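One structure is given here, and the rest of the page talks about it.
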There are 2 protein chains.
Amino acid sequence: MVSMLERDMREKFRRSGYTLTSQRRAVLDALRDCKGHPSAEEVYLAVKKRNPRVALGTVYQALSVLEEIGLIEAKHWSETPVRYDLNTEPHHDIRCAKCGAVAEIPGVEFEDFASRLQENTPYEVTNASLVIEGVCPACRLES
Amino acid sequence: MVSMLERDMREKFRRSGYTLTSQRRAVLDALRDCKGHPSAEEVYLAVKKRNPRVALGTVYQALSVLEEIGLIEAKHWSETPVRYDLNTEPHHDIRCAKCGAVAEIPGVEFEDFASRLQENTPYEVTNASLVIEGVCPACRLES
DNA sequence: TTCGTTAATAATAACCATTCCTGAAAAAAG
DNA sequence: CTTTTTTCAGGAATGGTTATTATTAACGAA
Ligand SMILES: [Mn+2]
Ligand SMILES: [Mn+2]
Ligand SMILES: [Zn+2]
Ligand SMILES: [Zn+2]
């Protein structure tokens with residue numbers, strides 16, 4: 001997935017009614033460079049290094065298109081900003097409440113929450129995900 | 001808990017180094033009136049009905065104090081604003097992605113996530129909660 | 001009570017992440 | 001090519017929330 005073929009990618013855009021523009025590709029490249037869970041602002045700074053003419057609004061729009069077509073995922077915590085994730089495999093991320101660093105938690109998979117919830121609410125459950133917060137090793141030392 | 005004694009409440013404030021002011025009581029009363037999961041703005045409007053002199057900033061500050069001493073809980077979803085909940089018993093809430101209505105989901109209790117996560121991350125896990133989104137019955141009809 | 005000290009409030013400005021708007025540029029379609 | 005549609009850059013606007021400051025209320029000794 002990380003090294004998705006150029007052809008496959010173009011096709012994914014086309015099927016969704018979008019085009020693979022240089023800006024959108026630059027945002028994807030930036031996400032690979034950051035290789036973490038960057039905010040829109042951080043993606044913007046990474047993109048600007050190569051192309052200083054790109055606008056922050058464009059990055060936001062590109063991120064939302066990339067999310068819509070399923071190439072990336074937006075992750076929310078109790079504090080802004082939203083973080084973006086190239087890893088679309090099911091997995092859990094934890095965010096340090098002190099410094100904001102996000103890390104992945106490997107090897108933990110919980111049951112599918114949606115079904116059990118669906119039996120107990122008249123709402124149509126469309127999404128149920130864990131939000132995990134904590135303190136990273138570095139921040140734990142200085143406290 | 002809902003009909004917590006005046007005396008107990010005062011004591012809870014005092015132990016936390018705060019005082020039970022008329023504004024803070026008004027915010028609690030408003031939360032009871034709304035009897036749902038109101039935003040700060042909605043609490044503000046409810047409080048203003050009785051005391052038009054109260055300031056929005058005061059409501060935000062009161063809510064954060066009430067949360068700190070454990071009388072209410074703040075609930076976050078992928079969309080703002082934050083909602084506040086008088087019900088501090090462990091339970092799940094679902095938010096309609098279309099209209100924002102929040103409802104409680106009774107009778108569902110999942111295992112304690114924190115422990116299993118803790119074994120797989122160097123972070124100190126301080127919080128792991130489900131964020132649940134869906135479509136309410138009313139919104140489902142008009143689609 | 002009174003005075004001095006601290007905490008809380010009202011009003012308003014500032015903040016920050018995000019979205020919206022507009023005219024220009026680029027891409028796609030014909 | 002020419003026309004039509006999509007995307008973009010730049011910048012203004014928005015919405016929820018927090019910070020600032022002067023005023024008011026609560027507290028705590030004499
Ligand atoms: Mn991740
Ligand atoms: Mn609730
Ligand atoms: Zn940290
Ligand atoms: Zn609804």
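Residues are referred to by chain and number: the chain letter is A, B, ... according to the order shown in the structure tokens, the number counts from 1 in that chain, and ligands are numbered separately from 1 in the order shown.
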
What's around DA28 in chain C at 10 Å? Count only C-alpha atoms (C1' of nucleotides), leave out sequence neighbours fewer than 2 positions away in its own chain, and write the answer as a VMD selection string. (chain A and resid 19) or (chain C and resid 26 30) or (chain D and resid 4 to 6)

Please extract the residues of range 20-126 of chain B with a backbone DSSP assignment of alpha helix (DSSP H) and present them as a VMD selection string. chain B and resid 22 to 34 40 to 50 56 to 68 113 to 118

Interface residues on chain A facing chain C, 10 Å, only C-alpha atoms (C1' of nucleotides), written as a PyMOL selection string: chain A and resi 19+21+40-41+57+60-61+80-82

Residues just named, written with N, CA and C atoms as an mmCIF file, in the first residue's frame:
```cif
data_model
loop_
_atom_site.group_PDB
_atom_site.id
_atom_site.type_symbol
_atom_site.label_atom_id
_atom_site.label_comp_id
_atom_site.auth_asym_id
_atom_site.auth_seq_id
_atom_site.Cartn_x
_atom_site.Cartn_y
_atom_site.Cartn_z
ATOM 1 N N THR A 19 -8.764 14.016 -9.656
ATOM 2 C CA THR A 19 -7.546 13.819 -10.432
ATOM 3 C C THR A 19 -6.344 13.844 -9.506
ATOM 4 N N THR A 21 -3.357 15.342 -8.779
ATOM 5 C CA THR A 21 -2.601 16.545 -9.108
ATOM 6 C C THR A 21 -1.262 16.539 -8.384
ATOM 7 N N ALA A 40 -2.302 18.909 9.829
ATOM 8 C CA ALA A 40 -2.375 19.583 8.526
ATOM 9 C C ALA A 40 -1.240 20.605 8.411
ATOM 10 N N GLU A 41 -1.015 21.328 9.477
ATOM 11 C CA GLU A 41 0.045 22.327 9.502
ATOM 12 C C GLU A 41 1.411 21.697 9.231
ATOM 13 N N GLY A 57 -4.660 26.160 2.646
ATOM 14 C CA GLY A 57 -6.016 25.726 2.311
ATOM 15 C C GLY A 57 -6.019 24.564 1.342
ATOM 16 N N TYR A 60 -5.341 21.369 3.287
ATOM 17 C CA TYR A 60 -6.567 20.908 3.941
ATOM 18 C C TYR A 60 -7.489 20.212 2.948
ATOM 19 N N GLN A 61 -7.638 20.829 1.790
ATOM 20 C CA GLN A 61 -8.542 20.250 0.806
ATOM 21 C C GLN A 61 -8.002 18.934 0.266
ATOM 22 N N THR A 80 -7.261 19.390 19.612
ATOM 23 C CA THR A 80 -6.895 19.661 18.229
ATOM 24 C C THR A 80 -5.381 19.804 18.163
ATOM 25 N N PRO A 81 -4.772 19.779 16.989
ATOM 26 C CA PRO A 81 -5.397 19.563 15.683
ATOM 27 C C PRO A 81 -5.591 18.087 15.346
ATOM 28 N N VAL A 82 -6.360 17.852 14.291
ATOM 29 C CA VAL A 82 -6.537 16.515 13.746
ATOM 30 C C VAL A 82 -5.197 16.006 13.217
#
```

Selection as a ChimeraX atom specification: residues within 12 Å of ligand 1 by only C-alpha atoms (C1' of nucleotides) and all ligand atoms: /A:31,35-38,72-76,83-95,101-106,131-132

What are the closest atom pairs, with distances in Å to one decimal, for all residues of chain D lying within 10 Å of chain B? Consider only C-alpha atoms (C1' of nucleotides), order rows by chain and residue number, and present the result as a tab-separated table.
```
residue	atom	partner	partner_atom	distance
D:DG15	C1'	B:Pro81	CA	9.0
D:DG16	C1'	B:Pro81	CA	6.5
D:DT17	C1'	B:Tyr60	CA	8.3
D:DT18	C1'	B:Gly57	CA	8.6
D:DA25	C1'	B:Thr21	CA	9.5
D:DA26	C1'	B:Thr19	CA	8.6
```

Would you output that residue set with C-alpha atoms (C1' of nucleotides), as a compact mmCIF listing (two decimals), in the first residue's frame?
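Below you can see selection19.txt, which holds the result:
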```txt
# COMPACT_ATOMS: atom_id res chain seq x y z
C1' DG D 15 -16.67 29.05 15.26
C1' DG D 16 -15.36 27.26 19.41
C1' DT D 17 -12.51 28.24 23.02
C1' DT D 18 -9.08 30.67 25.97
C1' DA D 25 -17.67 38.79 45.75
C1' DA D 26 -16.00 35.56 49.21
```

Using only C-alpha atoms (C1' of nucleotides) and all ligand atoms, which residues have at least one atom no more than 12 Å from ligand 4? Output them as a PyMOL selection string. (chain A and resi 122-125) or (chain B and resi 94-103+133-143)

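Pairwise distance (CA of Val47 in chain B, CA of Val27 in chain B) equals 6.3 Å.
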
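Residues of range 1-129 of chain A assigned to strand (DSSP E) by DSSP on this structure's backbone: Glu73, Ala74, Lys75, Arg83, Tyr84, Asp85, His92, Asp93, Ile94, Arg95, Cys96, Val102, Ala103, Glu104, Ile105, Glu124, Val125, Thr126, Asn127, Ala128 and Ser129 of chain A.
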
Grab the residues selected above and save them as an mmCIF file, in the first residue's frame with N, CA and C atoms.
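Saved to out.cif:
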```
data_model
loop_
_atom_site.group_PDB
_atom_site.id
_atom_site.type_symbol
_atom_site.label_atom_id
_atom_site.label_comp_id
_atom_site.auth_asym_id
_atom_site.auth_seq_id
_atom_site.Cartn_x
_atom_site.Cartn_y
_atom_site.Cartn_z
ATOM 1 N N GLU A 73 -6.194 8.299 6.667
ATOM 2 C CA GLU A 73 -7.251 8.406 7.667
ATOM 3 C C GLU A 73 -7.016 9.605 8.573
ATOM 4 N N ALA A 74 -8.087 10.294 8.912
ATOM 5 C CA ALA A 74 -8.008 11.394 9.873
ATOM 6 C C ALA A 74 -8.258 10.832 11.263
ATOM 7 N N LYS A 75 -7.448 11.263 12.228
ATOM 8 C CA LYS A 75 -7.607 10.755 13.596
ATOM 9 C C LYS A 75 -7.839 11.908 14.560
ATOM 10 N N ARG A 83 -4.951 14.710 13.393
ATOM 11 C CA ARG A 83 -3.730 14.100 12.863
ATOM 12 C C ARG A 83 -4.101 13.193 11.703
ATOM 13 N N TYR A 84 -3.185 13.074 10.741
ATOM 14 C CA TYR A 84 -3.450 12.238 9.572
ATOM 15 C C TYR A 84 -2.526 11.036 9.544
ATOM 16 N N ASP A 85 -3.051 9.927 9.045
ATOM 17 C CA ASP A 85 -2.356 8.651 9.134
ATOM 18 C C ASP A 85 -2.367 7.945 7.787
ATOM 19 N N HIS A 92 -4.492 0.765 16.583
ATOM 20 C CA HIS A 92 -4.769 1.803 17.568
ATOM 21 C C HIS A 92 -3.583 2.744 17.720
ATOM 22 N N ASP A 93 -3.889 4.031 17.944
ATOM 23 C CA ASP A 93 -2.864 5.044 18.162
ATOM 24 C C ASP A 93 -3.087 5.685 19.519
ATOM 25 N N ILE A 94 -2.007 5.986 20.208
ATOM 26 C CA ILE A 94 -2.112 6.680 21.496
ATOM 27 C C ILE A 94 -1.420 8.033 21.399
ATOM 28 N N ARG A 95 -2.013 9.032 22.035
ATOM 29 C CA ARG A 95 -1.493 10.403 21.973
ATOM 30 C C ARG A 95 -1.070 10.846 23.364
ATOM 31 N N CYS A 96 0.136 11.404 23.454
ATOM 32 C CA CYS A 96 0.624 11.908 24.739
ATOM 33 C C CYS A 96 -0.102 13.211 25.077
ATOM 34 N N VAL A 102 2.237 11.083 18.957
ATOM 35 C CA VAL A 102 1.342 9.954 18.691
ATOM 36 C C VAL A 102 2.169 8.724 18.338
ATOM 37 N N ALA A 103 1.796 7.593 18.888
ATOM 38 C CA ALA A 103 2.485 6.342 18.580
ATOM 39 C C ALA A 103 1.467 5.238 18.331
ATOM 40 N N GLU A 104 1.878 4.264 17.549
ATOM 41 C CA GLU A 104 0.972 3.167 17.270
ATOM 42 C C GLU A 104 1.103 2.091 18.335
ATOM 43 N N ILE A 105 0.002 1.416 18.611
ATOM 44 C CA ILE A 105 0.000 0.311 19.565
ATOM 45 C C ILE A 105 -0.207 -0.968 18.769
ATOM 46 N N GLU A 124 -28.536 4.362 13.729
ATOM 47 C CA GLU A 124 -27.748 3.485 12.865
ATOM 48 C C GLU A 124 -26.276 3.762 13.166
ATOM 49 N N VAL A 125 -25.608 2.792 13.758
ATOM 50 C CA VAL A 125 -24.211 2.992 14.163
ATOM 51 C C VAL A 125 -23.307 2.954 12.936
ATOM 52 N N THR A 126 -22.616 4.044 12.677
ATOM 53 C CA THR A 126 -21.746 4.082 11.492
ATOM 54 C C THR A 126 -20.274 4.009 11.859
ATOM 55 N N ASN A 127 -19.963 4.339 13.093
ATOM 56 C CA ASN A 127 -18.550 4.337 13.484
ATOM 57 C C ASN A 127 -18.396 4.235 14.990
ATOM 58 N N ALA A 128 -17.502 3.365 15.437
ATOM 59 C CA ALA A 128 -17.195 3.243 16.861
ATOM 60 C C ALA A 128 -15.711 2.964 16.992
ATOM 61 N N SER A 129 -14.966 3.953 17.466
ATOM 62 C CA SER A 129 -13.520 3.764 17.535
ATOM 63 C C SER A 129 -12.967 4.236 18.868
#
```

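CA of Asn120 in chain B to CA of Glu42 in chain A spans 27.3 Å [interatomic distance, one decimal].
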
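Residues lying within 8 Å of DA9 in chain D, counting only C-alpha atoms (C1' of nucleotides) and ignoring same-chain neighbours fewer than 5 positions away, are A:Arg53, A:Val54, A:Ala55.
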
Only all heavy atoms, please: the residues just picked out, written as a compact mmCIF listing (two decimals), in the first residue's frame.
```txt
# COMPACT_ATOMS: atom_id res chain seq x y z
N ARG A 53 5.07 27.41 -3.08
CA ARG A 53 3.91 28.16 -3.53
C ARG A 53 2.59 27.53 -3.07
O ARG A 53 1.53 28.11 -3.27
CB ARG A 53 3.90 28.27 -5.06
CG ARG A 53 5.02 29.13 -5.62
CD ARG A 53 4.82 29.32 -7.12
NE ARG A 53 3.50 29.88 -7.44
CZ ARG A 53 3.21 31.18 -7.38
NH1 ARG A 53 4.15 32.05 -7.01
NH2 ARG A 53 2.01 31.62 -7.68
N VAL A 54 2.66 26.33 -2.48
CA VAL A 54 1.43 25.66 -2.08
C VAL A 54 0.77 26.41 -0.91
O VAL A 54 1.44 26.98 -0.06
CB VAL A 54 1.72 24.21 -1.68
CG1 VAL A 54 2.41 24.15 -0.35
CG2 VAL A 54 0.43 23.40 -1.65
N ALA A 55 -0.56 26.42 -0.92
CA ALA A 55 -1.30 27.14 0.11
C ALA A 55 -1.84 26.17 1.17
O ALA A 55 -2.15 25.02 0.88
CB ALA A 55 -2.46 27.90 -0.50
```
